[in-house]
Structure formats: structure tokens, C-alpha cells
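Quick look at upload.txt (compact mmCIF, C-alpha atoms):
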# COMPACT_ATOMS: atom_id res chain seq x y z
CA MET I 1 36.69 144.98 -25.39
CA ASN I 2 38.77 147.18 -27.65
CA CYS I 3 38.80 150.73 -26.22
CA LYS I 4 38.32 152.18 -29.70
CA LYS I 5 34.89 150.54 -29.86
CA GLN I 6 33.66 151.90 -26.53
CA LEU I 7 31.40 154.93 -26.45
CA MET I 8 32.98 157.70 -24.40
CA VAL I 9 30.49 160.05 -22.75
CA ALA I 10 31.42 162.70 -20.21
CA ALA I 11 30.83 161.67 -16.63
CA ILE I 12 28.38 163.64 -14.51
CA GLU I 13 29.26 164.86 -11.04
CA ASN I 14 25.74 164.50 -9.59
CA GLY I 15 22.56 163.28 -11.20
CA THR I 16 20.84 160.26 -12.66
CA VAL I 17 21.55 157.83 -15.46
CA ILE I 18 18.64 155.89 -16.95
CA ASP I 19 19.97 152.83 -18.76
CA HIS I 20 18.43 149.91 -20.64
CA ILE I 21 15.72 151.99 -22.30
CA PRO I 22 14.37 150.06 -25.29
CA SER I 23 15.29 152.30 -28.24
CA GLU I 24 11.71 152.38 -29.51
CA LYS I 25 10.66 153.89 -26.14
CA LEU I 26 13.37 156.58 -25.91
CA PHE I 27 11.32 159.48 -27.25
CA ALA I 28 8.35 158.60 -25.03
CA VAL I 29 10.74 158.83 -22.06
CA VAL I 30 12.21 162.11 -23.35
CA ASN I 31 8.69 163.57 -23.62
CA LEU I 32 7.62 162.24 -20.22
CA LEU I 33 10.66 163.79 -18.53
CA HIS I 34 10.25 167.11 -20.39
CA LEU I 35 13.97 167.07 -21.21
CA ASP I 36 13.46 170.04 -23.55
CA ARG I 37 12.83 172.16 -20.42
CA MET I 38 15.91 171.07 -18.47
CA THR I 39 18.57 173.67 -17.86
CA SER I 40 21.28 171.26 -16.70
CA ALA I 41 23.32 168.99 -18.96
CA VAL I 42 21.52 166.06 -20.62
CA THR I 43 23.23 163.37 -22.68
CA ILE I 44 21.15 160.97 -24.78
CA GLY I 45 22.51 157.82 -26.39
CA TYR I 46 20.25 156.19 -28.99
CA ASN I 47 20.46 152.74 -30.61
CA LEU I 48 23.50 151.63 -28.63
CA GLU I 49 24.57 148.00 -28.72
CA SER I 50 23.15 145.87 -25.90
CA GLN I 51 23.56 142.17 -25.23
CA GLU I 52 20.22 142.09 -23.37
CA LEU I 53 18.08 144.26 -25.68
CA GLY I 54 19.95 144.18 -29.00
CA LYS I 55 19.64 147.96 -29.17
CA LYS I 56 19.17 150.23 -26.18
CA SER I 57 19.15 153.89 -25.29
CA ILE I 58 20.52 155.77 -22.30
CA ILE I 59 19.88 159.19 -20.75
CA LYS I 60 22.29 161.00 -18.40
CA MET I 61 20.91 164.00 -16.51
CA ALA I 62 23.08 166.27 -14.39
CA ASP I 63 21.56 167.40 -11.10
CA LYS I 64 18.29 165.49 -11.65
CA PHE I 65 16.89 163.09 -9.05
CA PHE I 66 13.48 161.43 -9.25
CA THR I 67 10.49 161.25 -6.95
CA ASP I 68 8.64 157.95 -6.47
CA ASP I 69 5.77 159.22 -8.65
CA GLU I 70 8.19 160.08 -11.48
CA LEU I 71 9.78 156.63 -11.19
CA ASN I 72 6.35 154.99 -11.34
CA GLN I 73 5.55 156.95 -14.51
CA LEU I 74 8.84 155.77 -16.01
CA ALA I 75 8.02 152.19 -15.03
CA VAL I 76 4.68 152.40 -16.87
CA ILE I 77 6.43 153.56 -20.06
CA CYS I 78 9.45 151.24 -19.74
CA PRO I 79 9.31 148.53 -17.09
CA ASN I 80 12.69 147.24 -15.93
CA LEU I 81 14.83 150.30 -16.60
CA THR I 82 18.14 150.55 -14.76
CA LEU I 83 18.52 153.71 -12.70
CA CYS I 84 21.91 154.86 -11.40
CA ILE I 85 22.21 157.70 -8.89
CA ILE I 86 25.51 159.55 -9.22
CA ARG I 87 27.11 161.64 -6.46
CA ASP I 88 30.64 163.03 -6.72
CA TYR I 89 31.17 161.08 -9.98
CA GLU I 90 30.45 157.75 -8.25
CA ILE I 91 27.44 155.43 -8.53
CA VAL I 92 25.91 155.48 -5.04
CA GLU I 93 22.76 153.55 -5.95
CA LYS I 94 21.84 151.27 -8.82
CA ARG I 95 18.44 149.66 -9.12
CA THR I 96 15.90 148.31 -11.53
CA VAL I 97 12.76 150.43 -11.83
CA THR I 98 9.76 148.09 -11.86
CA LEU I 99 6.02 148.56 -11.82
CA PRO I 100 4.62 148.81 -8.30
CA SER I 101 1.66 146.59 -7.38
CA GLU I 102 -0.65 149.60 -7.66
CA LEU I 103 -0.57 152.91 -9.48
CA ARG I 104 -2.50 155.82 -7.97
CA GLY I 105 -3.11 158.98 -10.00
CA ILE I 106 -0.64 158.04 -12.74
CA VAL I 107 -2.62 156.24 -15.46
CA ARG I 108 -5.83 157.49 -17.08
CA CYS I 109 -8.68 154.98 -17.34
CA ALA I 110 -9.67 154.22 -20.94
CA ASN I 111 -13.32 153.69 -19.98
CA PRO I 112 -15.15 157.03 -20.51
CA LYS I 113 -17.84 155.89 -18.03
CA CYS I 114 -15.33 155.20 -15.24
CA ILE I 115 -15.93 157.31 -12.15
CA THR I 116 -12.37 158.65 -12.37
CA ASN I 117 -13.22 160.28 -15.71
CA ASN I 118 -16.39 161.87 -14.34
CA GLU I 119 -15.57 162.82 -10.75
CA PRO I 120 -12.58 164.66 -9.25
CA MET I 121 -10.76 161.61 -7.92
CA LYS I 122 -7.45 159.89 -8.55
CA THR I 123 -7.28 156.77 -10.64
CA LEU I 124 -6.16 153.50 -9.09
CA PHE I 125 -4.80 150.60 -11.10
CA HIS I 126 -3.49 147.20 -10.08
CA ILE I 127 -1.10 145.05 -12.08
CA HIS I 128 -3.27 142.58 -14.03
CA ASP I 129 -0.40 140.64 -15.53
CA HIS I 130 3.07 141.58 -16.71
CA ASN I 131 1.60 143.45 -19.72
CA ALA I 132 -1.62 145.02 -18.41
CA LEU I 133 -3.24 147.11 -15.69
CA LYS I 134 -6.74 146.77 -14.23
CA CYS I 135 -8.81 149.73 -13.05
CA HIS I 136 -9.82 149.37 -9.41
CA TYR I 137 -13.17 151.09 -9.98
CA CYS I 138 -14.55 149.76 -13.28
CA ASN I 139 -12.31 146.70 -13.89
CA THR I 140 -11.21 147.96 -17.33
CA ILE I 141 -8.02 146.23 -18.42
CA ILE I 142 -5.46 148.34 -20.29
CA ASN I 143 -2.44 146.94 -22.09
CA LEU I 144 0.76 148.74 -21.07
CA ASP I 145 1.39 149.68 -24.71
CA ASP I 146 -1.95 151.56 -24.74
CA VAL I 147 -1.59 153.40 -21.44
CA GLN I 148 -2.19 157.15 -21.28
CA LEU I 149 -0.64 158.93 -18.33
CA VAL I 150 -2.58 161.46 -16.28
CA ASN I 151 -1.21 164.87 -17.19
CA ASN I 152 0.42 166.09 -13.97
CA LYS I 153 2.52 168.86 -15.48

Step by step, read the file and then write its structure as C-alpha cells.
Amino acid sequence: MNCKKQLMVAAIENGTVIDHIPSEKLFAVVNLLHLDRMTSAVTIGYNLESQELGKKSIIKMADKFFTDDELNQLAVICPNLTLCIIRDYEIVEKRTVTLPSELRGIVRCANPKCITNNEPMKTLFHIHDHNALKCHYCNTIINLDDVQLVNNK
């Protein structure tokens, strides 16, 4: 590829790069991660060329590393993201973030009569198919595009 066509973004010494974000999901990810509150460097690339997605977005965050719960929230918003962990300017781990088989305390049930909306207990969802979740308690099925996350912050 011609070097003049490549996007040059400053490398980060330590932190996380989230790649392969569908561009239409970028701002949902930005809101989920509360990037407006971060004090370390954040670089956002929007509508970048991608052979896999057509257009993609990318987020680089200095000194930010994710917990499993945060990764599960990301997976609900954008299944199949690529996550790169950077240490001393080198990629030390690269993996695809996928939906786990169950989500506990992450997704809000859409059924107002569900016990999780009326009692102080965590929600529990199982993957129903590649596009939906099923509530363990009331069997409500929620399409991933309609999911509301439990507000943990």
C-alpha cells in the first residue's frame, strides 16, 4: 500500500486499542466507555476504510485496561470487536471480544413484570441466537439492537 494513503496515528506506550468497531456503533461505544471523563490520551478514528466492514472505527486509549464486565458490555454493543493490549509500544495480546454464553447484571430485561425489574437482584441472560438474548427468569427475548444496559456507573 502506498504510504501516503495510510493513516498515521501516534502509538501509545501502554493501553488498549479497540478495532473493527462498526462505524454506526462508534458513539454508543464512546458513551459506554465514558470517554469524555478520561484524563489520559484517547484517539478516535471514524469511518476508516475496512476490507471486512467497508467502514470501521477505532479507539486508542492510553493507560486503559478493561475488566471482564466492561468487555462483556462492549460485546453486547458490538460483538466481534478486536481488542489489542499494548505494553511498551508493543501488542502483547490481541483477541476478538465475543458475547459470553451468559450475561449477569449487564443487560436490563425489557419485561416490566420480570422479577429483576421488581426485586433487588441481578439480571441473567443467555444467548438465544447470534442476534438475541433470552432472560433466564421470564424468558423474554431481546434483540441485540434493542438491548439496554444496566446502569453500573

Practice task
One decimal, Å: what's the distance from CA of Glu70 in chain I over to CA of Leu144 in chain I, could you say?
Solution key: 16.6 Å

Exercise for the section: Rank I:Ile18, I:Gly54, I:Ile12, I:Thr116 by their smallest atom-to-atom distance to Thr96 in chain I, using all atoms listed in the file, and report the top residue only. Expected result: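 Of I:Ile18, I:Gly54, I:Ile12, I:Thr116, the one nearest Thr96 in chain I, counting all atoms listed in the file, is I:Ile18.
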
Handout entry: Using all atoms listed in the file: which of I:Ile59, I:Thr16, I:Ser23, I:Tyr137 has the shortest distance to Ile44 in chain I
Key =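 Among the listed residues, the smallest separation from Ile44 in chain I belongs to I:Ile59.
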
Exercise for the section: Record the distance separating CA of Arg108 in chain I and CA of Thr123 in chain I, expressed in Å with one decimal. Expected result: 6.6 Å

Exercise for the section: Would you please work out which residue, of I:Asn151, I:Asn72, I:Asn117, I:Thr140, is nearest to Leu99 in chain I when using only C-alpha atoms? Expected result: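 When distances to Leu99 in chain I are compared using only C-alpha atoms, the smallest one comes from I:Asn72.
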
Practice task
Would you kindly return, as a VMD selection string, each protein, DNA or RNA residue with an atom no farther than 8 Å from any atom of Ile85 in chain I, considering all atoms listed in the file and excluding same-chain residues fewer than 3 positions away?
Solution key: chain I and resid 14 to 17 65 91 to 94

Problem - Straight-line distance linking CA of Asp145 in chain I with CA of Ile106 in chain I, stated in Å to one decimal - result: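 Going from CA of Asp145 in chain I over to CA of Ile106 in chain I covers 14.7 Å.
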
Practice task
Check the smallest atom-to-atom distance from each of I:Lys55, I:Lys134, I:Arg104, I:Ser50 to Met121 in chain I using only C-alpha atoms, then report the winner.
Solution key: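 Selected residue with least distance to Met121 in chain I: I:Arg104.
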
Skip Ala75 in chain I itself and residues of its chain fewer than 4 positions away, then list as a PDB file with C-alpha atoms, in the coordinates of the input all residues within 8 Å of it, counting all atoms listed in the file.
ATOM      1  CA  LEU I  71       9.780 156.630 -11.190  1.00  0.00           C
ATOM      2  CA  PRO I  79       9.310 148.530 -17.090  1.00  0.00           C
ATOM      3  CA  ASN I  80      12.690 147.240 -15.930  1.00  0.00           C
ATOM      4  CA  LEU I  81      14.830 150.300 -16.600  1.00  0.00           C
ATOM      5  CA  VAL I  97      12.760 150.430 -11.830  1.00  0.00           C
ATOM      6  CA  THR I  98       9.760 148.090 -11.860  1.00  0.00           C
ATOM      7  CA  LEU I  99       6.020 148.560 -11.820  1.00  0.00           C
TER       8      LEU I  99
END

Problem - Among the residues I:Lys122, I:Gln51, I:Ala110, I:Pro22, the one that comes closest to Asn143 in chain I [using all atoms listed in the file] - result: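 Among I:Lys122, I:Gln51, I:Ala110, I:Pro22, it is I:Ala110 that comes nearest to Asn143 in chain I.
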
Exercise for the section: Would you mind listing what lies within 7 Å of Gly45 in chain I as a PyMOL selection string, with all atoms listed in the file counted and same-chain residues fewer than 3 positions away left out? Expected result: chain I and resi 48+57-59

Exercise for the section: Write out as number ranges by chain the residues lying within 12 Å of range 32-34 of chain I, counting all atoms listed in the file and excluding same-chain residues fewer than 5 positions away. Expected result: I: 18, 25-27, 39, 42, 59-61, 64-67, 69-78, 106, 148-153

Any chance you could work out the axis-aligned box around range 105-114 of chain I, listed atoms only, 8 Å on each side, giving centre and edge lengths in Å to one decimal, as lines of an AutoDock Vina configuration file?
center_x = -9.2
center_y = 156.3
center_z = -15.5
size_x = 33.2
size_y = 21.3
size_z = 26.9

Practice task
Would you please work out which residue, of I:Glu24, I:Ala11, I:Leu124, I:Cys138, is nearest to Val107 in chain I when using only C-alpha atoms?
Solution key: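 When distances to Val107 in chain I are compared using only C-alpha atoms, the smallest one comes from I:Leu124.
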
Practice task
Compile the contact shell of Cys135 in chain I as a PyMOL selection string: residues with an atom at most 7 Å away, counting only C-alpha atoms, same-chain residues fewer than 4 positions apart removed.
Solution key: chain I and resi 109+124-126+139-141
